[in-house]
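This report concerns only the one structure given below.
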Amino acid sequence: MSLFTPQKSDRFTFGLWTLQNNGRDPFGEPTRPGYDPLTMLDKLADLGVYGVNLHDHDLLGFGKSIAEQDSIIAAFKQRLHDTGLCVPMATTNLFTHPIFRDGAFTSNDPKVRAFALQKTMRSMDVGNELGAKVYVFWGGREGAEVDAGKDAVVASKRMREAMDFLCEYSVAQGYDYKFALEAKPNEPRGDIYMPTTGAMLGFIATLKHSEMVGVNPEVAHETIAGLNFYHAVAQALEAGKLFHIDLNGQKPGRFDQDLRFGQEDAKNAFFLVRMLENYGYKGSLHFDAHPLRTASDDADILGFVKGCMRSYLILKEKARIFDADPVVQELLAQLNPSCSESEALLGEYTPERANAIQTRQFDVDGITAQALPYEQLDQRLFDILMGIQD
Ligand code: GLT
Ligand code: MN
Ligand code: MN
């Protein structure tokens, strides 16, 4: 078996919505039917996928009776059982129905805010029944085009009230959820509140149950804003807040492309994968992407699915090669000079340390003259990524 054949132990997941996607865009009609949830389970199980994630809407649509919902859920559970797939993450669709056209938890209308809570609690119940342990919040409509009509300070307060309420609901029901907040700078709103993963981390610190709440960064969303996704995830990981991740591909400064993982910026994807692997990230590796609109047959649609996983596994292998490469190791050693005397000066504040630093004579010219071989290191990385190591 190839190193690049996905295994369940790789923890690769796909959103139901990613393959329900029928290729419709704001300018054009569908180019394919999209898979129904049960067919999707069959197709994905054959490819070594670990699980699927879903919105209430993906499985149940909108406005079905309880009896209808129960029978859909029963059939879905049965197929999960038959295929050996699981549902590690669930979320609420608070963006498709026009009632949410001006937001859900941050809507100016208290009826809409209460309805959003009702829909979310029901969806949390379903997610729990399906075994989900992570609950994602992506506030697609939580934003504005007209700042004159909504108070952005109040929006933060409303968002906090909703998160605190739903954390308490989860605890009261005995659910084992961790919440993961997903930022996006814009689209579908002109501007979405709390637009970056960093903004979410700041917000989480203000919550009543901040220990239950982390982030779900998405490659495309930081990249739209021109940010370095690897850096954004690193901060979340270091803070112990990387509860989930949405992998895909994106060119900066464009609409949300949700491309196949690895399709764009292979270097940034490389550092992301290397970090997730080297720091022992244990959550799902979730692909929130969809096939190109040009994909209309099974071969190309499933080629997209296989491609996301294959790219991840190739980058994982490239990370191993990079870390084991003697040229890389030598360059990294030069870039990380050791000096035990200086190390001893650093660390937590003590009056002695402060005094020692203040009185230390530094060889400013000598330190400045040290070589920093970033050119050579980056070229070596390029060579490794391109498969050339002569
Ligand atoms: C939607 C969005 C994604 C979110 C999903 C979760 S839905 O497809 O574009 O980024 O992760 O609500
Ligand atoms: Mn996403
Ligand atoms: Mn996206």
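Just remember, in the structure tokens the first chain shown is A, the second B, etc., residues are 1-based per chain, and ligands are 1-based in the order shown.
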Contacts of ligand 3, 6 Å or closer, only C-alpha atoms and all ligand atoms, given as a list in words
Ala220, His221, Asp256 and Asp258 of chain A
Write the selection just made, keeping all heavy atoms, as an mmCIF file, in the first residue's frame?
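Below you can see part39.cif, which holds the result:
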data_model
loop_
_atom_site.group_PDB
_atom_site.id
_atom_site.type_symbol
_atom_site.label_atom_id
_atom_site.label_comp_id
_atom_site.auth_asym_id
_atom_site.auth_seq_id
_atom_site.Cartn_x
_atom_site.Cartn_y
_atom_site.Cartn_z
ATOM 1 N N ALA A 220 -8.940 29.166 3.424
ATOM 2 C CA ALA A 220 -9.455 30.183 2.499
ATOM 3 C C ALA A 220 -9.752 31.495 3.213
ATOM 4 O O ALA A 220 -9.547 32.568 2.660
ATOM 5 C CB ALA A 220 -10.715 29.671 1.806
ATOM 6 N N HIS A 221 -10.246 31.399 4.452
ATOM 7 C CA HIS A 221 -10.749 32.602 5.093
ATOM 8 C C HIS A 221 -9.639 33.558 5.515
ATOM 9 O O HIS A 221 -9.785 34.776 5.367
ATOM 10 C CB HIS A 221 -11.630 32.230 6.280
ATOM 11 C CG HIS A 221 -12.851 31.451 5.864
ATOM 12 N ND1 HIS A 221 -13.773 30.982 6.758
ATOM 13 C CD2 HIS A 221 -13.286 31.059 4.637
ATOM 14 C CE1 HIS A 221 -14.732 30.334 6.098
ATOM 15 N NE2 HIS A 221 -14.443 30.365 4.806
ATOM 16 N N ASP A 256 -14.421 33.525 -1.929
ATOM 17 C CA ASP A 256 -14.115 32.281 -1.211
ATOM 18 C C ASP A 256 -14.109 31.121 -2.209
ATOM 19 O O ASP A 256 -15.150 30.648 -2.628
ATOM 20 C CB ASP A 256 -15.205 32.072 -0.153
ATOM 21 C CG ASP A 256 -14.884 30.941 0.799
ATOM 22 O OD1 ASP A 256 -13.703 30.649 0.994
ATOM 23 O OD2 ASP A 256 -15.838 30.370 1.342
ATOM 24 N N ASP A 258 -12.671 27.967 -1.921
ATOM 25 C CA ASP A 258 -12.837 26.603 -1.380
ATOM 26 C C ASP A 258 -12.263 25.549 -2.323
ATOM 27 O O ASP A 258 -12.914 24.542 -2.646
ATOM 28 C CB ASP A 258 -14.319 26.297 -1.098
ATOM 29 C CG ASP A 258 -14.863 27.092 0.089
ATOM 30 O OD1 ASP A 258 -14.056 27.536 0.929
ATOM 31 O OD2 ASP A 258 -16.092 27.255 0.174
#
Could you list, as a PyMOL selection string, all protein and nucleic acid residues with an atom at most 7 Å from ligand 1, counting only C-alpha atoms and all ligand atoms?
chain A and resi 17+55+91-93+136-138+182+218+246+288
Give the strand (DSSP E) residues of stretch 183-318 of chain A, as assigned by DSSP on the backbone, as a ChimeraX atom specification.
/A:191-192,213-215,246-247,285-287
What is the distance between atom CA of A:Thr223 and atom CA of A:Gly48, in Å to one decimal?
28.4 Å
Write out as a PyMOL selection string each polymer residue whose atoms come within 12 Å of A:Gly214, counting only C-alpha atoms; drop sequence neighbours fewer than 6 positions from it.
chain A and resi 134-137+163+177-183+197-205+207+233+235-245+283
Would you pick out the contacts of A:Ala289 at 10 Å or less, using only C-alpha atoms, so that residues sharing its chain but fewer than 2 positions from it are not included, and give the list as a list in words?
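Once the adjacent positions are removed, what remains is Phe14, Gly15, Trp17, Thr18, Leu19, Asn21, Glu218, Val219, Ala220, Asp246, Leu247, Asn248, Gly249, Gln250, Asp256, Gln257, Asp258, Leu259, Arg260, Phe261, His286, Phe287, Pro291, Leu292, Phe304, Val305 and Cys308 of chain A.
The coordinates place atom CA of A:Lys77 at 12.4 Å from atom CA of A:Ala132.
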Which neighbours of stretch 312-318 of chain A fall inside 9 Å, counting only C-alpha atoms, when residues of the same chain fewer than 5 positions from it are skipped, and could you give them as a PDB file with C-alpha atoms, in the first residue's frame?
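out04.pdb was written with the following content:
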ATOM      1  CA  LEU A   3       2.304   5.976   1.703  1.00  0.00           C
ATOM      2  CA  PHE A   4      -0.279   8.197   0.087  1.00  0.00           C
ATOM      3  CA  THR A   5      -3.269   5.895   0.486  1.00  0.00           C
ATOM      4  CA  PRO A   6      -5.581   7.435   3.111  1.00  0.00           C
ATOM      5  CA  ASP A  10      -5.466   9.780   9.216  1.00  0.00           C
ATOM      6  CA  PHE A 261      -6.387  21.311  -0.443  1.00  0.00           C
ATOM      7  CA  GLY A 262      -2.931  22.037  -1.838  1.00  0.00           C
ATOM      8  CA  ALA A 266       1.949  24.685  -1.616  1.00  0.00           C
ATOM      9  CA  ALA A 269       0.231  24.278   3.017  1.00  0.00           C
ATOM     10  CA  PHE A 270       3.550  22.534   3.651  1.00  0.00           C
ATOM     11  CA  PHE A 271       4.250  24.558   6.802  1.00  0.00           C
ATOM     12  CA  VAL A 273       0.903  20.204   7.573  1.00  0.00           C
ATOM     13  CA  ARG A 274       4.387  20.069   9.098  1.00  0.00           C
ATOM     14  CA  GLU A 277       2.095  16.724  12.406  1.00  0.00           C
ATOM     15  CA  GLY A 307      -6.675  14.840  -4.235  1.00  0.00           C
ATOM     16  CA  ASP A 323      13.237  17.671   8.755  1.00  0.00           C
ATOM     17  CA  ILE A 384      12.525  19.330  -1.812  1.00  0.00           C
ATOM     18  CA  LEU A 385       8.953  20.345  -2.652  1.00  0.00           C
ATOM     19  CA  GLY A 387      11.395  16.591  -5.769  1.00  0.00           C
TER      20      GLY A 387
END
In Å, with one decimal, what is the gap from atom CA of A:Thr83 to atom CA of A:Leu44?
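According to the coordinates, atom CA of A:Thr83 and atom CA of A:Leu44 are separated by 8.9 Å.
Neighbouring residues of A:Leu166 at 9 Å or closer, counting only C-alpha atoms and skipping chain neighbours under 4 positions away, are Leu117, Thr120, Met121, Glu161, Ala162, Ser170 and Val171 of chain A.
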Mind writing the picked residues with N, CA and C atoms as an mmCIF file, in the first residue's frame?
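And here's selection-v9.cif as it stands now:
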data_model
loop_
_atom_site.group_PDB
_atom_site.id
_atom_site.type_symbol
_atom_site.label_atom_id
_atom_site.label_comp_id
_atom_site.auth_asym_id
_atom_site.auth_seq_id
_atom_site.Cartn_x
_atom_site.Cartn_y
_atom_site.Cartn_z
ATOM 1 N N LEU A 117 -31.254 30.656 18.371
ATOM 2 C CA LEU A 117 -30.931 29.790 19.521
ATOM 3 C C LEU A 117 -31.725 28.494 19.443
ATOM 4 N N THR A 120 -30.294 26.272 16.800
ATOM 5 C CA THR A 120 -28.977 25.738 17.203
ATOM 6 C C THR A 120 -29.127 24.650 18.268
ATOM 7 N N MET A 121 -29.998 24.884 19.251
ATOM 8 C CA MET A 121 -30.177 23.851 20.289
ATOM 9 C C MET A 121 -30.690 22.548 19.672
ATOM 10 N N GLU A 161 -23.481 36.745 24.379
ATOM 11 C CA GLU A 161 -24.678 36.246 25.067
ATOM 12 C C GLU A 161 -25.088 34.891 24.477
ATOM 13 N N ALA A 162 -25.039 34.781 23.154
ATOM 14 C CA ALA A 162 -25.437 33.524 22.496
ATOM 15 C C ALA A 162 -24.467 32.393 22.845
ATOM 16 N N SER A 170 -25.233 23.163 26.490
ATOM 17 C CA SER A 170 -24.455 21.944 26.268
ATOM 18 C C SER A 170 -24.149 21.253 27.599
ATOM 19 N N VAL A 171 -23.738 22.040 28.572
ATOM 20 C CA VAL A 171 -23.415 21.475 29.890
ATOM 21 C C VAL A 171 -24.673 20.898 30.542
#
Best match for closeness to ligand 2 among A:Thr196, A:Thr31, A:Asn216, A:Gln358, counting only C-alpha atoms and all ligand atoms
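Among the listed residues, A:Asn216 lies closest to ligand 2.
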Alpha helix (DSSP H) positions in stretch 234-299 of chain A, given as a list in words
Ala234, Gln235, Ala236, Leu237, Glu238, Ala266, Lys267, Asn268, Ala269, Phe270, Phe271, Leu272, Val273, Arg274, Met275, Leu276, Glu277, Asn278, Asp298 and Ala299 of chain A
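By chain and then residue number, the residues within 10 Å of A:Lys208 are A:Arg160, A:Glu161, A:Met163, A:Asp164, A:Phe165, A:Cys167, A:Glu168, A:Ile204, A:Ala205, A:Thr206, A:Ser210, A:Glu211, A:Met212, A:Val213, counting only C-alpha atoms and disregarding those fewer than 2 positions away in sequence.
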Point out the residue among A:Arg11, A:Lys267, A:Arg158, A:Lys251 with the least atom-to-atom distance to A:Ser284, counting only C-alpha atoms.
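Closest to A:Ser284 of all the choices is A:Arg11.
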